[in-house]
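> Below you will find the structure I want to go over with you.
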Amino acid sequence: MQAIRQQKSYDVCIVGSGAGGGMAAYVLTQAGADVILLEAGGPWDNLKDSAMLTWPYESPRRGGSTKERPFGEFDACIGGWDIEGEPYTTAPGSRFRWWRARMVGGRTNHWGRISLRFGPYDFKRKTRDGLGDDWPIGYEDVAPFYDRVDRLIGVFGSKENLPNEPDGVFLPPPRPRCHELLVKQAADRLRITCIPSRLSILTRPLNGRAACHYCGQCNRGCKVNANFTSTNVLVAPALATGRLTLVTNAMAREVTVDGAGRATGVAYVDKTTGADRHVRARVVVLAASALESARLLLNSRSGLYPNGLANASGTVGKYITDTTGTDVAGFIPKMTDHVPHNHDGVGGMHLYMPWWLGEQKLDFPRGYHIEVWGGTHVPGEGFMGGIHRYPPGGGYGKQLKDDYRRYYGATIGFSGRGEMIPNDDCYCEIDPRTVDRWGIPVLRFHWKWSDHEYKQSKHMQETFRALIAEMGGEVFSPMPTAEQGYGLATGGTIIHELGGTRMGNDPGTSVLNRWCQAHDCKNLFVTDGGPFVSQADKNPTWTILALSMRTSDYIADQMKRRAL
Ligand SMILES: Cc1cc2nc3c(=O)[nH]c(=O)nc-3n(C[C@H](O)[C@H](O)[C@H](O)COP(=O)(O)OP(=O)(O)OC[C@H]3O[C@@H](n4cnc5c(N)ncnc54)[C@H](O)[C@@H]3O)c2cc1C
Ligand code: SF4
């Protein structure tokens, strides 16, 4: 089909408005560039559309999930594991799940806002333990951008001077709540480092944004803009410059190139009409999320690039990772019948446990951090499901209602989030037989955890069980066996997928250079999780933001010098 071509040529075309794309739009428009941002999802604005402060009884569903809101109808993310008309496939024997957001701001509308810097060791892991690969850059290259991201967006935390857990420019952290104090006591006794968490939620007003009023509903989107979303912290100011054109419901199909192999723009489908369109630009920035950007490159085939754009090395879609994860929950008898008290806080944990065993010799490499959940939030649909596991074993009528009151808030949970090592069995490619509703070929995933990840999950399970025992509690579930993979979550489920367009110094083994610029196509960049060389035991988004800012500065500079 002939695409409708725009006459105008922009300085930069960005694909995707999440963390990576929003930051690129912010920095490039501030630098004076004329930018167009293509977003596959529709408009959604947390200031207006959030379900903040909605009571469960205000909806017949009581907040239960819907097809496009799998995490509940009040959750701020439109998208999910299965999007109608947008399939993906898995190779025989592989299990992988892919969460996709389809809205302005992407997953930053409902993410957990755990905002951790990678540490100096995380960029040079191969040098330290011989596994995976080093990044072509080090912590010192990214540190100034982490500082700028902290100051622009806001993150709370505490100065701890821990090795490989760099401190940031922090706002004061909120005080731990009752259940978190008990966790802290148990962690101290077990010598597990437990410190204030680091979340991008404002505990003080910042840059014209209000401070958090502790309603604890961050996943619904914040109506007062006190937590970070790309939509209202990055894209809105970019629009205010007058230099950003935001096109929603624009599903990018491929990056187009000229005879010299330079990117000329992006072909996309207008989802509202189904029409094929094309936008022209001097520079193309992909930020459609790590795996989707790999898909776009693999689908950008031409006579010059028969295996896809920027894929001379054959590594597009390779070296993909997800965070490892497993959970344990338990009942803490001493927290039953607690005195009603103010439990207000941010919509996330006030404490967490960074990796505390350093580089000790264990039976698995690298490490993980521990996230804490529990407490007395506003009860929602399905709350305290499984009450039969508490001592009275369930019941009916008044006794059951009394038990809900007695046991509410007496549950503690721990989630491990750890580092996977990239391996040759985890990659994505174009499925030759399946296309989406617009005829765009889809991704097929190959996935295989190695013993490293299984052993790490075993260590997580044992640690969480020890913590619950130390609190005098009872764990709800038996220890998962080796056959059950020690409870390791299916690949993709932790929703921290990275890689697929990794950076490196060697064009033969990487897609991008140290500026996240394609080795094979100088006016093409990637600013989502794709460029990551390794995963780290930290959540990735603060690093996506810092790298996107760094790459965008570089693009602005190169454009000024007319080198792009
Ligand atoms: C429930 C949840 C909790 C999380 N918690 C944390 C956390 O606490 N800390 C942390 O660091 N990370 C967390 N994450 C992960 C975090 O959300 C992601 O790392 C981050 O948002 C990725 O940003 P991105 O810009 O790469 O992608 P996205 O946010 O996914 O944005 C990509 C955008 O591109 C658009 N798009 C996709 N394909 C196309 C196309 N072909 N054409 C045009 N547009 C396209 C999408 O619609 C989307 O808006 C969490 C994720 C989830 C789902
Ligand atoms: S807890 Fe704070 S940041 Fe989160 S939604 Fe409520 S007011 Fe906003």
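Identifiers for the structure tokens are assigned positionally: chains receive A, B, ... in sequence, residues are indexed from 1 per chain, and ligands are indexed from 1 in the order shown.
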Determine, for each residue of chain A having at least one atom at most 6 Å from an atom of ligand 1, the closest pair of atoms and their separation in Å to one decimal, counting only C-alpha atoms and all ligand atoms; order by chain and ascending number, as CSV.

```
residue,atom,partner,partner_atom_place_in_ligand_line,distance
A:Val15,CA,ligand 1,43 (C),5.0
A:Gly16,CA,ligand 1,34 (O),3.2
A:Ser17,CA,ligand 1,33 (C),4.9
A:Gly18,CA,ligand 1,31 (O),3.5
A:Ala19,CA,ligand 1,25 (O),3.7
A:Gly20,CA,ligand 1,25 (O),3.9
A:Gly21,CA,ligand 1,25 (O),5.6
A:Leu38,CA,ligand 1,43 (C),5.2
A:Glu39,CA,ligand 1,44 (N),3.9
A:Ala40,CA,ligand 1,44 (N),3.8
A:Gly41,CA,ligand 1,47 (O),4.7
A:Arg100,CA,ligand 1,30 (O),5.9
A:Ala101,CA,ligand 1,47 (O),5.1
A:Arg102,CA,ligand 1,47 (O),3.6
A:Met103,CA,ligand 1,49 (O),4.9
A:Val104,CA,ligand 1,49 (O),5.2
A:Gly105,CA,ligand 1,49 (O),5.3
A:Gly106,CA,ligand 1,49 (O),3.2
A:Arg107,CA,ligand 1,29 (O),3.8
A:Thr108,CA,ligand 1,21 (O),4.8
A:His110,CA,ligand 1,1 (C),5.9
A:Trp111,CA,ligand 1,3 (C),3.6
A:Gly112,CA,ligand 1,8 (O),3.2
A:Arg113,CA,ligand 1,8 (O),4.0
A:Ile114,CA,ligand 1,8 (O),3.6
A:Ser115,CA,ligand 1,11 (O),5.4
A:Ala250,CA,ligand 1,43 (C),5.6
A:Met251,CA,ligand 1,42 (N),3.8
A:Ala252,CA,ligand 1,42 (N),3.7
A:Arg253,CA,ligand 1,41 (N),6.0
A:Ala287,CA,ligand 1,25 (O),5.6
A:Ala288,CA,ligand 1,34 (O),3.5
A:Ser289,CA,ligand 1,26 (O),3.6
A:Ala290,CA,ligand 1,26 (O),5.7
A:Glu292,CA,ligand 1,38 (N),5.4
A:Ile495,CA,ligand 1,51 (C),5.2
A:His496,CA,ligand 1,15 (C),5.1
A:Asp528,CA,ligand 1,26 (O),3.8
A:Gly529,CA,ligand 1,26 (O),5.1
A:Asn539,CA,ligand 1,11 (O),3.9
A:Pro540,CA,ligand 1,11 (O),4.2
A:Thr541,CA,ligand 1,11 (O),3.6
A:Trp542,CA,ligand 1,11 (O),5.8
```
> Would you mind listing what lies within 10 Å of region 272-282 of chain A as a VMD selection string, with only C-alpha atoms counted and same-chain residues fewer than 2 positions away left out?
chain A and resid 1 to 14 34 to 36 38 42 248 to 256 262 to 270 284 to 285 437 to 438 523 to 524 559 564
> With N, CA and C atoms retained, write the just-selected residues as a compact mmCIF listing (two decimals), in the first residue's frame.

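New file result_4.txt:
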```
# COMPACT_ATOMS: atom_id res chain seq x y z
N MET A 1 0.84 -1.20 0.00
CA MET A 1 0.00 0.00 0.00
C MET A 1 0.88 1.25 0.00
N GLN A 2 0.49 2.26 -0.76
CA GLN A 2 1.26 3.50 -0.82
C GLN A 2 1.01 4.32 0.45
N ALA A 3 2.07 4.67 1.17
CA ALA A 3 1.90 5.46 2.39
C ALA A 3 1.67 6.92 2.04
N ILE A 4 0.86 7.60 2.88
CA ILE A 4 0.64 9.04 2.69
C ILE A 4 1.86 9.75 3.25
N ARG A 5 2.60 10.49 2.41
CA ARG A 5 3.86 11.10 2.86
C ARG A 5 3.63 12.53 3.28
N GLN A 6 4.24 12.91 4.41
CA GLN A 6 4.17 14.30 4.85
C GLN A 6 5.22 15.08 4.09
N GLN A 7 4.89 16.31 3.70
CA GLN A 7 5.85 17.16 3.00
C GLN A 7 6.91 17.66 3.96
N LYS A 8 6.44 17.99 5.18
CA LYS A 8 7.35 18.59 6.14
C LYS A 8 8.41 17.59 6.60
N SER A 9 9.61 18.04 6.84
CA SER A 9 10.63 17.17 7.44
C SER A 9 10.98 17.73 8.82
N TYR A 10 10.92 16.87 9.82
CA TYR A 10 11.24 17.29 11.19
C TYR A 10 12.73 17.10 11.44
N ASP A 11 13.20 17.74 12.51
CA ASP A 11 14.59 17.48 12.92
C ASP A 11 14.70 16.05 13.44
N VAL A 12 13.75 15.69 14.32
CA VAL A 12 13.84 14.37 14.95
C VAL A 12 12.46 13.72 14.98
N CYS A 13 12.40 12.43 14.67
CA CYS A 13 11.18 11.64 14.87
C CYS A 13 11.47 10.63 15.98
N ILE A 14 10.67 10.68 17.05
CA ILE A 14 10.83 9.74 18.17
C ILE A 14 9.67 8.77 18.12
N ASP A 34 12.98 20.63 16.32
CA ASP A 34 11.58 20.48 15.91
C ASP A 34 11.31 18.97 15.88
N VAL A 35 10.48 18.50 16.81
CA VAL A 35 10.38 17.06 17.07
C VAL A 35 8.97 16.55 16.81
N ILE A 36 8.88 15.35 16.23
CA ILE A 36 7.58 14.68 16.14
C ILE A 36 7.68 13.37 16.94
N LEU A 38 5.78 9.82 17.74
CA LEU A 38 4.75 8.87 17.33
C LEU A 38 4.45 7.94 18.49
N GLY A 42 -3.34 5.72 22.81
CA GLY A 42 -4.14 6.94 22.77
C GLY A 42 -3.73 7.88 23.88
N THR A 248 -0.82 10.58 18.41
CA THR A 248 -1.24 9.37 19.12
C THR A 248 -1.88 8.39 18.14
N ASN A 249 -2.06 7.16 18.61
CA ASN A 249 -2.60 6.09 17.77
C ASN A 249 -1.82 5.92 16.47
N ALA A 250 -0.52 6.12 16.60
CA ALA A 250 0.38 6.01 15.43
C ALA A 250 1.31 4.81 15.67
N MET A 251 1.02 3.71 15.00
CA MET A 251 1.77 2.47 15.20
C MET A 251 2.90 2.40 14.18
N ALA A 252 4.13 2.60 14.64
CA ALA A 252 5.26 2.58 13.70
C ALA A 252 5.42 1.19 13.11
N ARG A 253 5.67 1.16 11.83
CA ARG A 253 5.81 -0.11 11.11
C ARG A 253 7.29 -0.38 10.81
N GLU A 254 8.00 0.65 10.34
CA GLU A 254 9.42 0.47 10.02
C GLU A 254 10.10 1.82 9.89
N VAL A 255 11.43 1.78 10.00
CA VAL A 255 12.25 2.96 9.74
C VAL A 255 12.63 2.90 8.26
N THR A 256 12.43 4.01 7.56
CA THR A 256 12.76 4.02 6.13
C THR A 256 14.17 4.56 5.92
N ARG A 262 21.01 5.95 5.01
CA ARG A 262 20.64 6.82 6.13
C ARG A 262 19.14 6.73 6.37
N ALA A 263 18.75 6.83 7.64
CA ALA A 263 17.32 6.83 7.97
C ALA A 263 16.68 8.10 7.41
N THR A 264 15.50 7.93 6.77
CA THR A 264 14.81 9.11 6.22
C THR A 264 13.56 9.44 7.02
N GLY A 265 13.12 8.53 7.87
CA GLY A 265 11.90 8.78 8.63
C GLY A 265 11.29 7.47 9.09
N VAL A 266 9.98 7.53 9.41
CA VAL A 266 9.30 6.35 9.95
C VAL A 266 7.96 6.17 9.23
N ALA A 267 7.70 4.93 8.79
CA ALA A 267 6.39 4.59 8.23
C ALA A 267 5.52 4.08 9.38
N TYR A 268 4.28 4.57 9.46
CA TYR A 268 3.42 4.15 10.57
C TYR A 268 1.98 3.99 10.10
N VAL A 269 1.21 3.28 10.93
CA VAL A 269 -0.21 3.09 10.63
C VAL A 269 -1.01 4.03 11.52
N ASP A 270 -1.89 4.81 10.91
CA ASP A 270 -2.82 5.61 11.71
C ASP A 270 -3.91 4.65 12.19
N VAL A 284 16.24 9.72 13.57
CA VAL A 284 15.18 8.85 14.11
C VAL A 284 15.64 8.30 15.46
N VAL A 285 14.77 8.41 16.46
CA VAL A 285 15.06 7.88 17.80
C VAL A 285 14.00 6.83 18.13
N ARG A 437 -2.65 -7.05 13.40
CA ARG A 437 -3.85 -6.66 12.63
C ARG A 437 -3.56 -5.70 11.49
N TRP A 438 -2.36 -5.08 11.51
CA TRP A 438 -2.00 -4.18 10.40
C TRP A 438 -1.05 -4.85 9.42
N ASN A 523 22.31 8.25 11.71
CA ASN A 523 21.24 9.13 12.21
C ASN A 523 20.09 8.33 12.85
N LEU A 524 20.44 7.18 13.40
CA LEU A 524 19.45 6.33 14.08
C LEU A 524 19.94 6.04 15.51
N MET A 559 23.74 17.72 16.02
CA MET A 559 22.92 18.46 15.04
C MET A 559 23.43 19.89 14.91
N LEU A 564 24.99 15.49 11.85
CA LEU A 564 23.91 14.51 11.66
C LEU A 564 22.96 15.00 10.58
```
> Which residues sit within 10 Å of ligand 2, counting only C-alpha atoms and all ligand atoms, listed as a ChimeraX atom specification?
/A:46,50-53,113,199-203,210-228,344-348
> Convert the current residue selection to file output with N, CA, C and O atoms, as a compact mmCIF listing (two decimals), in the first residue's frame.

```txt
# COMPACT_ATOMS: atom_id res chain seq x y z
N ASN A 46 -2.90 11.64 33.56
CA ASN A 46 -3.13 11.32 34.97
C ASN A 46 -3.78 12.47 35.73
O ASN A 46 -4.51 12.24 36.70
N SER A 50 -7.10 9.92 36.04
CA SER A 50 -6.76 8.97 37.12
C SER A 50 -8.00 8.63 37.96
O SER A 50 -8.89 9.46 38.17
N ALA A 51 -8.00 7.38 38.47
CA ALA A 51 -9.09 6.96 39.36
C ALA A 51 -8.70 7.17 40.83
O ALA A 51 -9.23 6.54 41.73
N MET A 52 -7.78 8.08 41.05
CA MET A 52 -7.32 8.38 42.42
C MET A 52 -8.51 8.72 43.31
O MET A 52 -9.41 9.45 42.91
N LEU A 53 -8.53 8.19 44.51
CA LEU A 53 -9.55 8.41 45.53
C LEU A 53 -10.92 7.84 45.17
O LEU A 53 -11.92 8.17 45.81
N ARG A 113 7.87 2.96 40.44
CA ARG A 113 8.66 4.17 40.74
C ARG A 113 9.88 3.90 41.63
O ARG A 113 10.40 4.81 42.27
N LEU A 199 12.32 6.09 45.66
CA LEU A 199 11.20 6.14 44.70
C LEU A 199 11.07 7.55 44.13
O LEU A 199 11.28 8.54 44.85
N SER A 200 10.65 7.64 42.86
CA SER A 200 10.50 8.96 42.23
C SER A 200 9.11 9.52 42.55
O SER A 200 8.24 9.63 41.68
N ILE A 201 8.95 9.83 43.82
CA ILE A 201 7.72 10.42 44.35
C ILE A 201 8.17 11.62 45.18
O ILE A 201 9.13 11.51 45.96
N LEU A 202 7.49 12.76 45.01
CA LEU A 202 7.96 13.99 45.65
C LEU A 202 7.52 14.05 47.11
O LEU A 202 6.32 14.10 47.40
N THR A 203 8.49 14.07 48.02
CA THR A 203 8.14 14.29 49.43
C THR A 203 8.27 15.78 49.77
O THR A 203 7.98 16.18 50.90
N ALA A 210 3.50 19.52 43.06
CA ALA A 210 3.14 19.44 44.48
C ALA A 210 3.79 18.23 45.13
O ALA A 210 4.16 17.26 44.46
N ALA A 211 3.92 18.29 46.45
CA ALA A 211 4.42 17.12 47.20
C ALA A 211 3.28 16.12 47.38
O ALA A 211 2.10 16.45 47.32
N CYS A 212 3.68 14.89 47.60
CA CYS A 212 2.75 13.77 47.82
C CYS A 212 1.93 14.01 49.09
O CYS A 212 2.44 14.51 50.09
N HIS A 213 0.63 13.67 49.05
CA HIS A 213 -0.18 13.74 50.27
C HIS A 213 -0.47 12.35 50.83
O HIS A 213 -1.39 12.17 51.62
N TYR A 214 0.32 11.36 50.43
CA TYR A 214 0.31 10.02 51.05
C TYR A 214 -1.04 9.29 50.96
O TYR A 214 -1.50 8.71 51.93
N CYS A 215 -1.63 9.32 49.77
CA CYS A 215 -2.88 8.56 49.61
C CYS A 215 -2.59 7.12 49.21
O CYS A 215 -3.50 6.29 49.19
N GLY A 216 -1.35 6.82 48.87
CA GLY A 216 -0.94 5.43 48.61
C GLY A 216 -1.50 4.82 47.33
O GLY A 216 -1.62 3.61 47.22
N GLN A 217 -1.84 5.65 46.33
CA GLN A 217 -2.52 5.11 45.14
C GLN A 217 -1.73 5.40 43.86
O GLN A 217 -2.32 5.62 42.79
N CYS A 218 -0.42 5.35 43.97
CA CYS A 218 0.40 5.75 42.82
C CYS A 218 0.10 4.97 41.55
O CYS A 218 0.21 5.50 40.45
N ASN A 219 -0.26 3.70 41.68
CA ASN A 219 -0.48 2.89 40.47
C ASN A 219 -1.71 3.37 39.69
O ASN A 219 -1.90 2.99 38.54
N ARG A 220 -2.57 4.19 40.32
CA ARG A 220 -3.74 4.69 39.60
C ARG A 220 -3.42 5.94 38.79
O ARG A 220 -4.27 6.45 38.07
N GLY A 221 -2.20 6.48 38.97
CA GLY A 221 -1.86 7.76 38.37
C GLY A 221 -2.17 8.84 39.39
O GLY A 221 -3.17 8.75 40.11
N CYS A 222 -1.32 9.86 39.46
CA CYS A 222 -1.45 10.87 40.52
C CYS A 222 -2.08 12.14 39.97
O CYS A 222 -1.53 12.78 39.08
N LYS A 223 -3.23 12.54 40.54
CA LYS A 223 -3.93 13.72 40.03
C LYS A 223 -3.20 15.01 40.38
O LYS A 223 -3.49 16.05 39.81
N VAL A 224 -2.30 14.97 41.39
CA VAL A 224 -1.58 16.20 41.74
C VAL A 224 -0.16 16.20 41.18
O VAL A 224 0.63 17.08 41.50
N ASN A 225 0.16 15.19 40.37
CA ASN A 225 1.45 15.15 39.65
C ASN A 225 2.65 15.01 40.60
O ASN A 225 3.72 15.51 40.32
N ALA A 226 2.43 14.32 41.72
CA ALA A 226 3.52 14.22 42.71
C ALA A 226 4.41 13.01 42.47
O ALA A 226 5.41 12.85 43.16
N ASN A 227 4.02 12.13 41.55
CA ASN A 227 4.95 11.05 41.22
C ASN A 227 5.33 11.16 39.73
O ASN A 227 4.74 11.93 38.98
N PHE A 228 6.32 10.39 39.34
CA PHE A 228 6.82 10.55 37.98
C PHE A 228 5.99 9.80 36.94
O PHE A 228 5.77 8.60 37.06
N ASP A 344 -0.76 6.07 56.56
CA ASP A 344 -0.61 6.73 55.26
C ASP A 344 0.83 6.67 54.75
O ASP A 344 1.77 6.62 55.53
N GLY A 345 0.96 6.69 53.46
CA GLY A 345 2.31 6.69 52.89
C GLY A 345 2.23 6.79 51.38
O GLY A 345 1.14 6.93 50.80
N VAL A 346 3.36 6.71 50.75
CA VAL A 346 3.39 6.77 49.29
C VAL A 346 2.87 5.44 48.74
O VAL A 346 2.75 4.46 49.48
N GLY A 347 2.59 5.42 47.47
CA GLY A 347 2.08 4.19 46.86
C GLY A 347 3.23 3.27 46.53
O GLY A 347 3.48 2.96 45.37
N GLY A 348 3.91 2.81 47.55
CA GLY A 348 5.05 1.90 47.36
C GLY A 348 5.71 1.71 48.71
O GLY A 348 5.32 2.30 49.71
```
> Mind pulling up the distance from CA of Asp520 (chain A) to CA of Gly132 (chain A)?
23.2 Å
> Using only C-alpha atoms, can you tell me which of A:Leu131, A:Ile332, A:Leu297, A:Leu467 comes closest to Asn423 (chain A)?
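Ranking A:Leu131, A:Ile332, A:Leu297, A:Leu467 by distance to Asn423 (chain A), first place goes to A:Leu131.
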> Considering only C-alpha atoms, can you say which of A:Phe464, A:Trp356, A:Phe118, A:Tyr486 comes closest to Ser534 (chain A)?
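Checking each candidate against Ser534 (chain A), we get A:Phe118 as the closest.
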> Tell me, which residues of region 438-542 of chain A carry DSSP helix (DSSP H, G or I), written as a ChimeraX atom specification?
/A:451-470,485-487,541-542
> Of the candidates A:Thr434, A:Ile440, A:Gly397, A:Glu371, which shows the shortest atom-to-atom distance to Ser415 (chain A), using only C-alpha atoms?
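Among the listed residues, the smallest separation from Ser415 (chain A) belongs to A:Glu371.
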> Need the shell around Gly472 (chain A): protein/DNA/RNA residues with any atom at most 12 Å away, counting only C-alpha atoms. Skip same-chain ones fewer than 4 positions apart. Format as a list in words?
Leu182, Val183, Gln185, Ala186, Gly330, Phe331, Ile332, Pro333, Lys334, Met335, Ala410, Thr411, Ile412, Arg465, Ala466, Leu467 and Ile468 of chain A
> Considering only C-alpha atoms, state which residue in the set A:Leu443, A:Leu291, A:Val378, A:Leu190 is at the smallest distance from Glu470 (chain A).
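Answer, going by the shortest atom-to-atom distance: A:Leu190.
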> Counting only C-alpha atoms, figure out which residue out of A:Ile544, A:Cys178, A:Leu162, A:Ile195 gets nearest to Val339 (chain A).
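The closest residue to Val339 (chain A) is A:Cys178.
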> If we count only C-alpha atoms, what is near region 167-173 of chain A at a cut-off of 7 Å, once residues fewer than 3 positions away on the same chain are taken out, given as number ranges by chain?
A: 147, 150-151, 154-161, 196, 203-204
> Print the selection's residues with N, CA, C and O atoms to a file, as a short mmCIF file (atom, residue, chain, number, x, y, z; two decimals), in the first residue's frame.

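The file below, out.cif, is the result:
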```
data_model
loop_
_atom_site.label_atom_id
_atom_site.label_comp_id
_atom_site.auth_asym_id
_atom_site.auth_seq_id
_atom_site.Cartn_x
_atom_site.Cartn_y
_atom_site.Cartn_z
N ASP A 147 22.40 12.54 38.12
CA ASP A 147 22.21 13.74 38.97
C ASP A 147 21.15 14.66 38.36
O ASP A 147 20.28 15.17 39.06
N ASP A 150 17.71 13.15 38.71
CA ASP A 150 17.23 13.31 40.10
C ASP A 150 16.66 14.71 40.31
O ASP A 150 15.59 14.89 40.90
N ARG A 151 17.40 15.72 39.84
CA ARG A 151 16.98 17.10 40.08
C ARG A 151 15.75 17.47 39.26
O ARG A 151 14.90 18.24 39.72
N GLY A 154 12.88 14.21 40.53
CA GLY A 154 12.71 14.08 41.99
C GLY A 154 12.68 12.63 42.42
O GLY A 154 11.94 11.81 41.86
N VAL A 155 13.50 12.31 43.43
CA VAL A 155 13.55 10.94 43.96
C VAL A 155 13.87 11.06 45.44
O VAL A 155 14.70 11.87 45.84
N PHE A 156 13.18 10.29 46.28
CA PHE A 156 13.55 10.33 47.69
C PHE A 156 14.46 9.17 48.03
O PHE A 156 14.48 8.15 47.33
N GLY A 157 15.21 9.32 49.10
CA GLY A 157 16.14 8.28 49.52
C GLY A 157 17.04 8.81 50.61
O GLY A 157 16.83 9.91 51.13
N SER A 158 18.05 8.04 50.96
CA SER A 158 18.96 8.44 52.04
C SER A 158 20.40 8.16 51.61
O SER A 158 20.65 7.21 50.87
N LYS A 159 21.30 8.98 52.08
CA LYS A 159 22.73 8.78 51.78
C LYS A 159 23.22 7.61 52.61
O LYS A 159 23.10 7.63 53.83
N GLU A 160 23.76 6.60 51.96
CA GLU A 160 24.18 5.39 52.68
C GLU A 160 25.64 5.01 52.44
O GLU A 160 26.18 4.20 53.18
N ASN A 161 26.24 5.56 51.39
CA ASN A 161 27.64 5.21 51.07
C ASN A 161 27.88 3.71 50.93
O ASN A 161 28.88 3.19 51.41
N PRO A 196 15.99 3.08 53.71
CA PRO A 196 14.84 3.73 53.08
C PRO A 196 14.83 3.45 51.57
O PRO A 196 15.89 3.43 50.94
N THR A 203 8.49 14.07 48.02
CA THR A 203 8.14 14.29 49.43
C THR A 203 8.27 15.78 49.77
O THR A 203 7.98 16.18 50.90
N ARG A 204 8.73 16.57 48.82
CA ARG A 204 8.75 18.04 48.92
C ARG A 204 8.35 18.56 47.55
O ARG A 204 8.60 17.90 46.54
#
```
> Which distance in Å separates CA of Arg502 (chain A) and CA of Gly530 (chain A), to one decimal?
5.9 Å
> In Å, rounded to a single decimal, give me how far CA of Asn513 (chain A) is from CA of Lys560 (chain A).
20.0 Å
> I need the residues of region 467-557 of chain A that end up classed as strand (DSSP E or B) by DSSP on the backbone, written out as a PyMOL selection string.
chain A and resi 474-475+491+498+503+512+517-518+524-526
> Tell me, as a ChimeraX atom specification, which residues lie within 10 Å of region 92-96 of chain A, counting only C-alpha atoms; anything in the same chain fewer than 6 positions away does not count.
/A:322,425-426,444-449,489-493
> Restricting it to N, CA, C and O atoms, dump the selection as a compact mmCIF listing (two decimals), in the first residue's frame.

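The resulting result_15.txt:
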```txt
# COMPACT_ATOMS: atom_id res chain seq x y z
N ASP A 322 15.48 -10.37 31.41
CA ASP A 322 14.47 -9.83 32.32
C ASP A 322 15.04 -9.96 33.71
O ASP A 322 15.95 -10.76 33.95
N ASP A 425 20.46 -18.49 24.57
CA ASP A 425 19.14 -19.10 24.37
C ASP A 425 17.99 -18.11 24.57
O ASP A 425 16.83 -18.50 24.44
N CYS A 426 18.30 -16.90 24.92
CA CYS A 426 17.24 -15.90 25.12
C CYS A 426 17.35 -14.83 24.05
O CYS A 426 18.27 -14.00 24.07
N ARG A 444 8.84 -13.47 17.79
CA ARG A 444 8.79 -14.81 18.38
C ARG A 444 9.92 -14.87 19.41
O ARG A 444 11.06 -14.51 19.11
N PHE A 445 9.58 -15.34 20.62
CA PHE A 445 10.55 -15.34 21.71
C PHE A 445 11.12 -16.73 21.97
O PHE A 445 10.39 -17.72 21.96
N HIS A 446 12.41 -16.75 22.24
CA HIS A 446 13.10 -17.95 22.71
C HIS A 446 13.60 -17.63 24.12
O HIS A 446 14.17 -16.55 24.32
N TRP A 447 13.41 -18.55 25.04
CA TRP A 447 13.78 -18.22 26.42
C TRP A 447 14.22 -19.45 27.18
O TRP A 447 13.57 -20.50 27.11
N LYS A 448 15.32 -19.33 27.90
CA LYS A 448 15.78 -20.42 28.76
C LYS A 448 16.59 -19.83 29.91
O LYS A 448 17.64 -19.22 29.67
N TRP A 449 16.08 -20.01 31.12
CA TRP A 449 16.88 -19.59 32.28
C TRP A 449 18.06 -20.55 32.42
O TRP A 449 17.97 -21.74 32.09
N ALA A 489 10.08 -16.78 38.54
CA ALA A 489 8.97 -16.33 37.68
C ALA A 489 9.31 -16.55 36.20
O ALA A 489 10.49 -16.51 35.81
N THR A 490 8.30 -16.79 35.41
CA THR A 490 8.46 -16.96 33.96
C THR A 490 9.16 -15.73 33.36
O THR A 490 8.90 -14.60 33.79
N GLY A 491 10.01 -15.95 32.37
CA GLY A 491 10.70 -14.83 31.70
C GLY A 491 9.71 -13.76 31.24
O GLY A 491 8.65 -14.08 30.69
N GLY A 492 10.04 -12.52 31.46
CA GLY A 492 9.19 -11.41 31.04
C GLY A 492 8.23 -10.94 32.12
O GLY A 492 7.76 -9.80 32.09
N THR A 493 7.92 -11.83 33.09
CA THR A 493 6.86 -11.51 34.06
C THR A 493 7.22 -10.35 34.97
O THR A 493 6.33 -9.67 35.48
```
